[in-house]
>>> print(open('my_file03.cif').read())   # mmCIF, C-alpha atoms
data_run
loop_
_atom_site.label_atom_id
_atom_site.label_comp_id
_atom_site.auth_asym_id
_atom_site.auth_seq_id
_atom_site.Cartn_x
_atom_site.Cartn_y
_atom_site.Cartn_z
CA MET P 1 -116.70 -67.84 48.82
CA ARG P 2 -118.90 -64.75 48.73
CA ARG P 3 -118.38 -62.15 46.05
CA ASP P 4 -119.02 -58.43 46.46
CA ILE P 5 -120.85 -58.32 43.12
CA GLU P 6 -123.69 -60.27 44.75
CA LYS P 7 -124.91 -56.94 46.15
CA GLU P 8 -125.56 -55.81 42.57
CA LEU P 9 -127.44 -59.03 41.85
CA ILE P 10 -129.68 -58.50 44.88
CA LEU P 11 -130.53 -54.96 43.74
CA TRP P 12 -131.34 -56.35 40.29
CA LYS P 13 -133.61 -59.04 41.80
CA LEU P 14 -135.63 -56.38 43.66
CA GLN P 15 -136.64 -54.68 40.40
CA LYS P 16 -140.24 -55.48 39.46
CA GLU P 17 -139.45 -55.64 35.76
CA LYS P 18 -135.96 -56.89 35.06
CA TYR P 19 -133.61 -56.61 32.15
CA PRO P 20 -132.01 -59.97 31.41
CA LEU P 21 -128.52 -59.86 32.88
CA ILE P 22 -125.29 -61.07 31.26
CA ILE P 23 -122.30 -61.76 33.49
CA ARG P 24 -119.11 -61.11 31.55
CA GLY P 25 -115.51 -61.83 32.39
CA ALA P 26 -112.53 -63.99 31.54
CA ARG P 27 -112.58 -67.75 31.85
CA GLN P 28 -112.37 -69.24 35.34
CA VAL P 29 -113.12 -66.07 37.33
CA GLY P 30 -116.20 -67.70 38.92
CA LYS P 31 -119.13 -66.60 36.73
CA SER P 32 -121.01 -69.93 36.75
CA TYR P 33 -120.52 -70.47 40.48
CA LEU P 34 -121.68 -66.93 41.23
CA VAL P 35 -124.89 -67.21 39.22
CA GLU P 36 -125.85 -70.71 40.38
CA THR P 37 -125.16 -69.90 44.03
CA PHE P 38 -127.16 -66.68 43.76
CA GLY P 39 -130.08 -68.57 42.23
CA LYS P 40 -130.09 -71.23 44.94
CA THR P 41 -129.83 -68.66 47.73
CA HIS P 42 -132.32 -66.03 46.62
CA PHE P 43 -135.01 -67.86 44.61
CA GLN P 44 -137.60 -70.47 45.44
CA ASN P 45 -136.96 -72.18 42.09
CA ASN P 46 -133.56 -72.28 40.36
CA VAL P 47 -133.26 -73.68 36.82
CA VAL P 48 -129.81 -74.02 35.24
CA VAL P 49 -129.40 -74.54 31.50
CA ASN P 50 -125.78 -75.29 30.58
CA LEU P 51 -125.51 -74.91 26.81
CA GLU P 52 -122.07 -76.49 26.68
CA PHE P 53 -122.88 -79.52 28.86
CA GLN P 54 -126.38 -79.90 27.36
CA PRO P 55 -125.89 -78.99 23.67
CA GLN P 56 -129.24 -80.54 22.72
CA LEU P 57 -130.95 -77.64 24.48
CA LYS P 58 -129.68 -75.22 21.84
CA ASP P 59 -132.60 -76.25 19.68
CA CYS P 60 -134.94 -74.63 22.21
CA PHE P 61 -133.69 -71.25 21.01
CA LYS P 62 -134.38 -71.70 17.30
CA SER P 63 -137.42 -69.59 18.02
CA LEU P 64 -136.74 -66.27 19.75
CA ASP P 65 -140.18 -66.33 21.39
CA PRO P 66 -139.74 -66.64 25.19
CA SER P 67 -142.99 -68.59 25.61
CA GLU P 68 -141.88 -71.23 23.14
CA ILE P 69 -138.41 -71.39 24.68
CA ILE P 70 -139.79 -71.81 28.21
CA ASN P 71 -142.28 -74.48 27.14
CA LYS P 72 -139.56 -76.54 25.45
CA LEU P 73 -137.20 -76.21 28.43
CA GLN P 74 -139.94 -77.29 30.82
CA LEU P 75 -140.71 -80.39 28.74
CA LEU P 76 -137.08 -81.40 28.19
CA LEU P 77 -135.86 -80.72 31.72
CA GLY P 78 -138.99 -81.73 33.61
CA VAL P 79 -139.09 -78.46 35.52
CA GLN P 80 -141.48 -75.58 36.05
CA ILE P 81 -140.44 -72.07 35.11
CA LYS P 82 -142.73 -69.37 36.51
CA GLU P 83 -142.23 -65.64 36.26
CA ASP P 84 -142.91 -64.94 39.92
CA ASN P 85 -140.51 -67.40 41.61
CA THR P 86 -137.97 -68.76 39.13
CA HIS P 87 -134.37 -67.87 38.41
CA LEU P 88 -133.37 -69.04 34.94
CA CYS P 89 -129.61 -69.36 34.48
CA LEU P 90 -128.34 -69.71 30.91
CA ASP P 91 -124.76 -70.83 31.45
CA GLU P 92 -122.06 -71.02 28.76
CA ILE P 93 -124.39 -68.94 26.60
CA GLN P 94 -121.58 -68.23 24.13
CA GLU P 95 -122.26 -71.73 22.75
CA CYS P 96 -125.63 -70.56 21.42
CA PRO P 97 -125.71 -67.06 19.87
CA GLN P 98 -129.47 -67.47 19.29
CA ALA P 99 -129.92 -67.68 23.07
CA ILE P 100 -128.15 -64.34 23.49
CA MET P 101 -130.34 -62.75 20.83
CA SER P 102 -133.47 -64.17 22.51
CA LEU P 103 -132.76 -62.14 25.66
CA ARG P 104 -134.21 -59.07 23.98
CA TYR P 105 -137.61 -60.71 23.84
CA PHE P 106 -137.47 -61.87 27.44
CA LYS P 107 -137.28 -58.20 28.38
CA GLU P 108 -140.22 -57.33 26.14
CA LYS P 109 -142.51 -60.33 26.78
CA MET P 110 -141.45 -61.77 30.16
CA PRO P 111 -140.02 -58.82 32.09
CA LYS P 112 -140.79 -60.34 35.49
CA LEU P 113 -138.78 -63.51 34.88
CA ALA P 114 -135.28 -63.38 36.39
CA VAL P 115 -132.92 -64.43 33.59
CA ILE P 116 -129.15 -64.37 34.08
CA ALA P 117 -126.73 -65.51 31.39
CA ALA P 118 -123.07 -66.26 31.91
CA GLY P 119 -120.34 -67.18 29.49
CA SER P 120 -116.74 -66.78 28.49
CA LEU P 121 -115.28 -65.44 25.26
CA LEU P 122 -118.59 -63.65 24.62
CA GLU P 123 -116.78 -60.80 22.94
CA PHE P 124 -115.86 -63.08 20.04
CA VAL P 125 -119.48 -64.17 19.54
CA MET P 126 -120.63 -60.55 19.59
CA ARG P 127 -118.10 -59.63 16.89
CA SER P 128 -119.55 -62.17 14.46
CA PRO P 129 -120.98 -60.37 11.38
CA ASP P 130 -124.32 -62.22 11.55
CA PHE P 131 -124.83 -61.65 15.28
CA LYS P 132 -127.46 -59.12 16.37
CA MET P 133 -126.83 -57.76 19.84
CA PRO P 134 -130.01 -57.04 21.86
CA VAL P 135 -128.91 -53.45 22.46
CA GLY P 136 -130.89 -51.67 25.17
CA ARG P 137 -132.68 -54.86 26.21
CA VAL P 138 -130.01 -56.44 28.43
CA GLN P 139 -127.75 -55.32 31.25
CA PHE P 140 -124.18 -56.37 31.90
CA LEU P 141 -122.13 -57.03 35.01
CA TYR P 142 -118.38 -57.57 34.79
CA LEU P 143 -116.73 -60.11 37.08
CA GLU P 144 -113.00 -59.96 37.82
CA PRO P 145 -110.74 -62.24 39.88
CA MET P 146 -111.31 -62.01 43.62
CA SER P 147 -110.04 -58.80 45.19
CA PHE P 148 -107.78 -58.56 48.22
CA SER P 149 -110.83 -57.51 50.26
CA GLU P 150 -112.77 -60.59 49.12
CA TYR P 151 -109.69 -62.64 50.02
CA LEU P 152 -109.83 -61.19 53.55
CA ASP P 153 -113.45 -62.30 53.81
CA ALA P 154 -112.72 -65.77 52.44
CA THR P 155 -109.81 -66.34 54.85
CA GLY P 156 -111.85 -65.42 57.92
CA ASN P 157 -110.41 -61.92 58.26
CA GLN P 158 -113.70 -60.05 57.90
CA ASN P 159 -112.82 -58.10 61.05
CA LEU P 160 -109.73 -56.69 59.35
CA ARG P 161 -111.74 -55.66 56.29
CA LYS P 162 -114.26 -53.95 58.57
CA PHE P 163 -111.40 -52.26 60.43
CA LEU P 164 -109.97 -50.89 57.16
CA SER P 165 -113.38 -49.61 56.06
CA ASP P 166 -113.60 -47.55 59.25
CA VAL P 167 -110.01 -46.22 59.43
CA LYS P 168 -109.71 -42.45 59.22
CA LEU P 169 -106.68 -40.39 58.25
CA THR P 170 -106.40 -39.22 61.82
CA ASP P 171 -106.24 -42.82 63.09
CA SER P 172 -103.03 -44.70 63.70
CA ILE P 173 -102.74 -48.30 62.47
CA ASP P 174 -100.85 -50.29 65.08
CA ASP P 175 -97.61 -51.94 63.96
CA VAL P 176 -98.91 -55.41 64.71
CA ILE P 177 -102.01 -54.89 62.54
CA HIS P 178 -99.95 -53.29 59.76
CA LYS P 179 -97.54 -56.25 59.71
CA LYS P 180 -100.43 -58.72 59.75
CA LEU P 181 -102.04 -57.06 56.74
CA LEU P 182 -98.75 -56.95 54.83
CA GLU P 183 -98.28 -60.66 55.50
CA LEU P 184 -101.79 -61.41 54.27
CA LEU P 185 -101.04 -59.31 51.21
CA ARG P 186 -97.87 -61.35 50.55
CA ILE P 187 -99.92 -64.55 50.52
CA TYR P 188 -102.54 -62.97 48.28
CA ILE P 189 -99.83 -61.95 45.81
CA ILE P 190 -98.70 -65.59 45.63
CA VAL P 191 -102.17 -67.16 45.52
CA GLY P 192 -103.92 -64.45 43.51
CA GLY P 193 -107.63 -64.01 43.01
CA MET P 194 -108.60 -66.95 40.81
CA PRO P 195 -111.34 -68.80 42.75
CA ALA P 196 -110.00 -72.32 42.04
CA VAL P 197 -106.56 -71.39 43.40
CA LEU P 198 -107.93 -69.63 46.47
CA ASN P 199 -110.25 -72.55 47.16
CA GLU P 200 -107.25 -74.88 47.13
CA TYR P 201 -105.35 -72.61 49.52
CA LEU P 202 -108.32 -72.51 51.91
CA SER P 203 -108.66 -76.30 51.90
CA SER P 204 -105.00 -77.38 51.98
CA ASN P 205 -102.92 -74.31 52.88
CA ASP P 206 -100.41 -75.74 50.39
CA LEU P 207 -98.81 -73.11 48.14
CA MET P 208 -97.26 -75.80 45.92
CA ASN P 209 -100.73 -77.15 45.13
CA CYS P 210 -101.85 -73.58 44.41
CA GLN P 211 -98.95 -73.18 42.00
CA ARG P 212 -99.96 -76.35 40.15
CA ILE P 213 -103.52 -75.09 39.71
CA GLN P 214 -102.21 -71.74 38.45
CA THR P 215 -100.04 -73.56 35.92
CA ALA P 216 -103.08 -75.58 34.82
CA LEU P 217 -105.14 -72.39 34.43
CA LEU P 218 -102.43 -70.82 32.27
CA GLN P 219 -102.50 -73.93 30.11
CA THR P 220 -106.30 -73.66 29.86
CA TYR P 221 -105.93 -70.18 28.41
CA ARG P 222 -103.41 -71.49 25.90
CA SER P 223 -105.79 -74.30 24.96
CA ASP P 224 -108.52 -71.71 24.32
CA PHE P 225 -106.55 -70.14 21.45
CA GLY P 226 -108.28 -72.52 19.06
CA LYS P 227 -111.69 -71.16 20.06
CA TYR P 228 -111.04 -67.66 18.79
CA ALA P 229 -108.05 -67.66 16.47
CA LYS P 230 -106.87 -69.40 13.33
CA PHE P 231 -104.16 -72.00 13.82
CA SER P 232 -101.70 -69.78 11.96
CA GLN P 233 -102.18 -67.12 14.66
CA HIS P 234 -101.43 -69.41 17.60
CA LYS P 235 -97.68 -68.84 17.54
CA TYR P 236 -98.20 -65.08 17.85
CA LEU P 237 -100.73 -65.53 20.65
CA GLN P 238 -98.23 -67.76 22.44
CA LYS P 239 -95.46 -65.16 22.15
CA VAL P 240 -97.62 -62.36 23.57
CA PHE P 241 -99.17 -64.60 26.23
CA ASP P 242 -95.75 -65.70 27.50
CA THR P 243 -94.17 -62.24 27.30
CA ALA P 244 -96.96 -60.03 28.70
CA PRO P 245 -96.51 -60.99 32.41
CA ARG P 246 -92.81 -60.08 32.17
CA MET P 247 -93.57 -56.66 30.68
CA ILE P 248 -95.91 -55.34 33.38
CA GLY P 249 -95.03 -51.73 34.16
CA GLN P 250 -93.17 -51.21 30.88
CA ARG P 251 -94.17 -49.39 27.72
CA ILE P 252 -95.04 -52.04 25.18
CA LYS P 253 -92.90 -52.18 22.06
CA TYR P 254 -93.63 -55.02 19.71
CA SER P 255 -89.92 -55.40 18.97
CA ASN P 256 -89.38 -56.25 22.65
CA ILE P 257 -91.94 -59.05 22.41
CA ASP P 258 -90.26 -60.57 19.38
CA PRO P 259 -87.94 -58.60 17.08
CA ASP P 260 -88.37 -61.18 14.31
CA THR P 261 -92.18 -60.98 14.11
CA ARG P 262 -94.15 -58.32 12.26
CA SER P 263 -95.77 -55.75 14.53
CA ARG P 264 -99.09 -56.28 12.75
CA ASP P 265 -99.21 -59.96 13.76
CA LEU P 266 -98.29 -59.22 17.39
CA LYS P 267 -100.81 -56.37 17.56
CA ASN P 268 -103.58 -58.67 16.33
CA ALA P 269 -102.59 -61.30 18.91
CA LEU P 270 -102.64 -58.68 21.65
CA ASN P 271 -106.12 -57.56 20.58
CA LEU P 272 -107.38 -61.15 20.72
CA LEU P 273 -105.96 -61.69 24.22
CA THR P 274 -107.57 -58.41 25.30
CA LEU P 275 -110.95 -59.58 24.03
CA ALA P 276 -110.44 -62.85 25.94
CA GLY P 277 -109.88 -60.80 29.10
CA ILE P 278 -106.37 -62.16 29.67
CA VAL P 279 -104.58 -58.83 29.30
CA SER P 280 -105.78 -55.24 29.65
CA PRO P 281 -104.13 -52.26 27.93
CA ILE P 282 -103.29 -49.20 30.01
CA TYR P 283 -103.32 -46.29 27.57
CA LEU P 284 -101.43 -43.03 27.78
CA THR P 285 -103.87 -40.17 28.43
CA LYS P 286 -103.39 -36.42 28.39
CA ALA P 287 -105.57 -36.28 31.53
CA SER P 288 -106.69 -32.75 30.72
CA GLY P 289 -110.36 -33.48 31.36
CA LEU P 290 -113.06 -36.12 31.43
CA PRO P 291 -113.57 -38.67 30.13
CA LEU P 292 -109.97 -39.81 30.39
CA GLY P 293 -110.53 -42.25 27.51
CA ALA P 294 -111.24 -39.41 25.08
CA GLN P 295 -107.64 -38.22 25.28
CA VAL P 296 -105.67 -41.44 24.84
CA ASN P 297 -102.80 -42.29 22.54
CA GLU P 298 -103.50 -45.87 21.55
CA GLN P 299 -100.00 -46.27 20.16
CA ARG P 300 -98.51 -45.85 23.63
CA PHE P 301 -99.63 -48.29 26.26
CA LYS P 302 -98.66 -50.67 29.03
CA LEU P 303 -100.35 -53.90 30.07
CA ASN P 304 -101.95 -55.50 33.07
CA PHE P 305 -102.41 -59.27 33.28
CA LEU P 306 -105.66 -60.92 34.35
CA ASP P 307 -104.44 -61.92 37.81
CA VAL P 308 -101.40 -61.17 39.95
CA GLY P 309 -101.11 -64.81 41.07
CA LEU P 310 -101.03 -66.01 37.46
CA MET P 311 -98.65 -63.17 36.58
CA GLN P 312 -96.05 -64.13 39.17
CA ASN P 313 -96.47 -67.83 38.34
CA SER P 314 -95.78 -67.16 34.67
CA CYS P 315 -92.67 -65.18 35.66
CA GLY P 316 -91.49 -67.92 38.05
CA LEU P 317 -91.47 -65.63 41.09
CA GLN P 318 -93.19 -67.81 43.71
CA GLY P 319 -90.07 -68.76 45.66
CA ARG P 320 -88.76 -65.22 45.91
CA LEU P 321 -92.15 -63.85 46.86
CA SER P 322 -92.41 -66.28 49.75
CA MET P 323 -88.88 -65.63 51.03
CA GLU P 324 -88.02 -61.96 50.56
CA GLU P 325 -89.22 -59.33 53.03
CA ASN P 326 -89.59 -56.57 50.43
CA PHE P 327 -91.65 -58.84 48.20
CA MET P 328 -93.27 -55.96 46.33
CA GLN P 329 -89.91 -54.86 44.92
CA ILE P 330 -89.44 -58.14 43.07
CA ASN P 331 -89.35 -57.84 39.28
CA ALA P 332 -88.54 -54.12 39.53
CA GLY P 333 -91.81 -53.40 41.29
CA ALA P 334 -93.94 -54.92 38.52
CA VAL P 335 -95.75 -57.10 41.05
CA ALA P 336 -96.89 -54.03 43.01
CA GLU P 337 -97.98 -52.21 39.85
CA GLN P 338 -99.93 -55.25 38.63
CA PHE P 339 -101.60 -55.63 42.03
CA VAL P 340 -102.74 -52.00 42.22
CA GLY P 341 -104.00 -52.03 38.62
CA GLN P 342 -105.95 -55.21 39.31
CA GLU P 343 -107.44 -53.72 42.49
CA LEU P 344 -108.42 -50.46 40.76
CA THR P 345 -110.19 -52.55 38.12
CA VAL P 346 -112.10 -54.81 40.51
CA TYR P 347 -113.41 -51.92 42.65
CA SER P 348 -114.62 -49.90 39.64
CA ASP P 349 -118.22 -49.73 38.39
CA LYS P 350 -119.24 -53.34 37.76
CA HIS P 351 -121.81 -52.33 35.14
CA GLN P 352 -119.17 -51.33 32.60
CA GLN P 353 -115.84 -52.67 31.48
CA ALA P 354 -113.05 -51.03 33.44
CA SER P 355 -110.34 -49.01 31.70
CA LEU P 356 -106.93 -48.04 33.09
CA TYR P 357 -104.77 -45.08 32.06
CA PHE P 358 -101.34 -43.62 32.78
CA TRP P 359 -99.78 -40.22 32.14
CA ALA P 360 -96.36 -39.16 30.91
CA ARG P 361 -94.56 -35.94 30.04
CA GLU P 362 -91.77 -36.36 27.53
CA LYS P 363 -90.18 -32.92 27.41
CA LYS P 364 -86.40 -32.97 27.19
CA GLY P 365 -84.93 -32.34 30.63
CA SER P 366 -88.36 -32.69 32.26
CA MET P 367 -89.43 -36.30 31.84
CA ALA P 368 -92.17 -37.67 34.06
CA GLU P 369 -94.48 -40.69 34.22
CA VAL P 370 -97.32 -41.52 36.59
CA ASP P 371 -98.33 -45.17 36.93
CA TYR P 372 -102.10 -44.60 36.85
CA VAL P 373 -104.53 -41.74 36.38
CA ILE P 374 -108.01 -42.10 37.85
CA ASN P 375 -111.07 -39.98 38.39
CA ILE P 376 -113.31 -39.90 41.43
CA GLY P 377 -116.39 -38.02 40.36
CA SER P 378 -115.22 -35.02 38.38
CA ASP P 379 -111.77 -34.88 40.01
CA ILE P 380 -108.70 -36.37 38.29
CA PHE P 381 -105.89 -37.79 40.41
CA PRO P 382 -102.42 -39.17 39.67
CA VAL P 383 -101.51 -42.50 41.29
CA GLU P 384 -97.97 -43.72 41.94
CA VAL P 385 -97.09 -47.22 43.10
CA LYS P 386 -93.95 -47.46 45.20
CA SER P 387 -92.85 -51.04 45.76
CA GLY P 388 -90.39 -50.24 48.54
CA LYS P 389 -90.60 -48.11 51.65
CA GLU P 390 -88.75 -45.26 50.01
CA GLY P 391 -89.43 -43.51 46.75
CA ARG P 392 -89.29 -40.07 45.19
CA LEU P 393 -92.52 -38.49 44.04
CA LYS P 394 -91.16 -36.14 41.38
CA SER P 395 -93.60 -37.26 38.65
CA LEU P 396 -96.56 -37.14 41.01
CA ARG P 397 -95.76 -33.54 41.96
CA MET P 398 -95.25 -32.58 38.30
CA PHE P 399 -98.71 -33.88 37.48
CA ILE P 400 -100.28 -32.06 40.44
CA GLU P 401 -98.65 -28.80 39.37
CA GLU P 402 -99.36 -29.13 35.65
CA LYS P 403 -102.96 -30.38 35.94
CA LYS P 404 -103.84 -28.43 39.10
CA SER P 405 -104.89 -31.63 40.85
CA LYS P 406 -106.21 -31.30 44.38
CA LEU P 407 -103.99 -34.13 45.58
CA GLY P 408 -101.82 -37.06 44.48
CA ILE P 409 -102.07 -40.67 45.62
CA ARG P 410 -99.17 -42.90 46.58
CA PHE P 411 -99.52 -46.62 47.26
CA SER P 412 -96.71 -48.27 49.20
CA GLN P 413 -95.94 -50.49 52.17
CA ASP P 414 -96.01 -47.44 54.43
CA LYS P 415 -98.88 -46.64 56.76
CA LEU P 416 -101.73 -44.28 55.98
CA SER P 417 -100.82 -40.58 55.98
CA TYR P 418 -101.47 -37.25 54.29
CA TYR P 419 -98.91 -34.50 53.86
CA ASP P 420 -98.35 -31.70 51.37
CA LYS P 421 -101.10 -32.82 48.94
CA ILE P 422 -99.89 -36.45 48.93
CA LEU P 423 -102.31 -39.08 50.22
CA SER P 424 -100.16 -42.10 51.10
CA ILE P 425 -102.18 -45.32 51.31
CA PRO P 426 -100.88 -48.77 52.26
CA LEU P 427 -101.15 -51.30 49.43
CA TYR P 428 -103.69 -53.32 51.36
CA MET P 429 -106.18 -50.39 51.35
CA VAL P 430 -106.85 -49.85 47.63
CA GLU P 431 -110.56 -50.46 48.25
CA GLN P 432 -110.65 -47.45 50.59
CA LEU P 433 -109.15 -44.99 48.09
CA PRO P 434 -112.42 -43.25 47.04
CA ARG P 435 -113.60 -42.90 50.63
CA LEU P 436 -110.29 -41.45 51.84
CA ALA P 437 -109.89 -39.06 48.90
CA GLU P 438 -113.46 -37.81 49.16
CA GLY P 439 -112.94 -37.22 52.88
CA LEU P 440 -110.08 -34.84 52.09
CA LEU P 441 -112.03 -32.97 49.42
CA ARG P 442 -115.05 -32.14 51.56
#
>>> encode(input="my_file03.cif", output="structure tokens")
Amino acid sequence: MRRDIEKELILWKLQKEKYPLIIRGARQVGKSYLVETFGKTHFQNNVVVNLEFQPQLKDCFKSLDPSEIINKLQLLLGVQIKEDNTHLCLDEIQECPQAIMSLRYFKEKMPKLAVIAAGSLLEFVMRSPDFKMPVGRVQFLYLEPMSFSEYLDATGNQNLRKFLSDVKLTDSIDDVIHKKLLELLRIYIIVGGMPAVLNEYLSSNDLMNCQRIQTALLQTYRSDFGKYAKFSQHKYLQKVFDTAPRMIGQRIKYSNIDPDTRSRDLKNALNLLTLAGIVSPIYLTKASGLPLGAQVNEQRFKLNFLDVGLMQNSCGLQGRLSMEENFMQINAGAVAEQFVGQELTVYSDKHQQASLYFWAREKKGSMAEVDYVINIGSDIFPVEVKSGKEGRLKSLRMFIEEKKSKLGIRFSQDKLSYYDKILSIPLYMVEQLPRLAEGLLR
């Protein structure tokens, strides 16, 4: 399964002198597969060092000198590592903090060697008081679950993705194509973007098997609690982990997670799950200028889960999703809101960790809330997610009027259209949002 982020890796490879690259992301999103496949495809010589599977190789990094490290790896692995033709993959690098720190010296002393590191739970290693981050000497890429567009590619629907990338506002999407894309979207919502689940769907076409793998993945995340939290914290992590998928689209109040647990304990658990990449906070922003993150209220936030497939599995929604026609309305539209948030994240700049925001006005008699606020260049836009085919846009219009926005964006199951400053985009076209909005602003 090809990933869009590979384009960034190819651009990185073409640089004469390279910064070592660290691929970051939650567990099981496909980091190791991505890096190993890239190495095999684009390099004459591909050397993989798995620091979890081969713990004895950690000793190679006791010295931070790249020459010493390379010499030891060559002797122990029986390989050749040359600057001009080798891709060196340091997988599960979180198991060896010294290896992360050594990356600084690869940039300084072996800048032509292609070094890519991958690992999960890296954020916890980097928070350690004795860890020294090689600031300014490494680059990062962030990998998310597979997007709906990548799902189209993987399922042999590249022609549909190409069609969507060429659609203009003046074009009409035929009913048969619209229905086909909505049906593909329904399956994606059930399967989600976790590579192991999608791989199972591609090989067996069995949604029950997909559900079992999702359940196993959720259990894997629970089993990881011991890697980054004290045993006494596990019960709080479990409460937040189990509750978060059911609270998508809602303002988070700790009392709604568990009224009998101190907010401080639940807040700490939420922070740990955020660092693990399992949940992402969506903060309230004033949206009065850029950057949006400079105007947030961290006490008021909503959540997105790692993956829409895992989210609906945790909520027990698979049967309803597969049977009901208006599948996006299930769980009060939370599925649609999760999907759009996940898509906005995956199509954002892959060189920095994505952040999501929402906006609300809480004046008496004039309440309003917009699901997401985004910027495209220097322009700020409100985004509403409508799970059904109908839906008022009162909050969207309030935002446009108050913030003098050039237009508002509405995602729904309707076809593409633009009327009275509202750009209405079908849910299956989130990837095309920047292109369509920029086309209107020219």
>>> resolve_selection(input="my_file03.cif", expression="the PyMOL selection byres ((chain P and resi 295-305) around 8)", output="ChimeraX atom specification")
/P:244-245,247-252,278-288,291-294,306-308,311,338,341-342
>>> closest_residue(input="my_file03.cif", among="P:Asn209, P:Gln94, P:Gln352, P:Gln214", to="Tyr228 (chain P)", atoms="only C-alpha atoms")
P:Gln94
>>> resolve_selection(input="my_file03.cif", expression="the PyMOL selection byres ((chain P and resi 406-408) around 12)", output="ChimeraX atom specification")
/P:370-376,378-385,393-405,409-411,418-425,433,436-442
>>> atom_distance(input="my_file03.cif", atom1="CA of Ser387 (chain P)", atom2="CA of Ala336 (chain P)")
5.7 Å
>>> resolve_selection(input="my_file03.cif", expression="the PyMOL selection byres ((chain P and resi 74-77) around 12)", output="ChimeraX atom specification")
/P:47-50,54,56-60,67-73,78-82,88
>>> write_last_selection(input="my_file03.cif", atoms="C-alpha atoms", output="short mmCIF file (atom, residue, chain, number, x, y, z; two decimals), in the coordinates of the input")
data_model
loop_
_atom_site.label_atom_id
_atom_site.label_comp_id
_atom_site.auth_asym_id
_atom_site.auth_seq_id
_atom_site.Cartn_x
_atom_site.Cartn_y
_atom_site.Cartn_z
CA VAL P 47 -133.26 -73.68 36.82
CA VAL P 48 -129.81 -74.02 35.24
CA VAL P 49 -129.40 -74.54 31.50
CA ASN P 50 -125.78 -75.29 30.58
CA GLN P 54 -126.38 -79.90 27.36
CA GLN P 56 -129.24 -80.54 22.72
CA LEU P 57 -130.95 -77.64 24.48
CA LYS P 58 -129.68 -75.22 21.84
CA ASP P 59 -132.60 -76.25 19.68
CA CYS P 60 -134.94 -74.63 22.21
CA SER P 67 -142.99 -68.59 25.61
CA GLU P 68 -141.88 -71.23 23.14
CA ILE P 69 -138.41 -71.39 24.68
CA ILE P 70 -139.79 -71.81 28.21
CA ASN P 71 -142.28 -74.48 27.14
CA LYS P 72 -139.56 -76.54 25.45
CA LEU P 73 -137.20 -76.21 28.43
CA GLY P 78 -138.99 -81.73 33.61
CA VAL P 79 -139.09 -78.46 35.52
CA GLN P 80 -141.48 -75.58 36.05
CA ILE P 81 -140.44 -72.07 35.11
CA LYS P 82 -142.73 -69.37 36.51
CA LEU P 88 -133.37 -69.04 34.94
#
>>> atom_distance(input="my_file03.cif", atom1="CA of Leu317 (chain P)", atom2="CA of Leu198 (chain P)")
17.8 Å
>>> atom_distance(input="my_file03.cif", atom1="CA of Ser255 (chain P)", atom2="CA of Gly316 (chain P)")
22.9 Å
>>> residues_around(input="my_file03.cif", residues="Ile10 (chain P)", least_positions_apart="4", cutoff="10 Å", atoms="all atoms listed in the file", output="PyMOL selection string")
chain P and resi 5-6+14-15+38+42
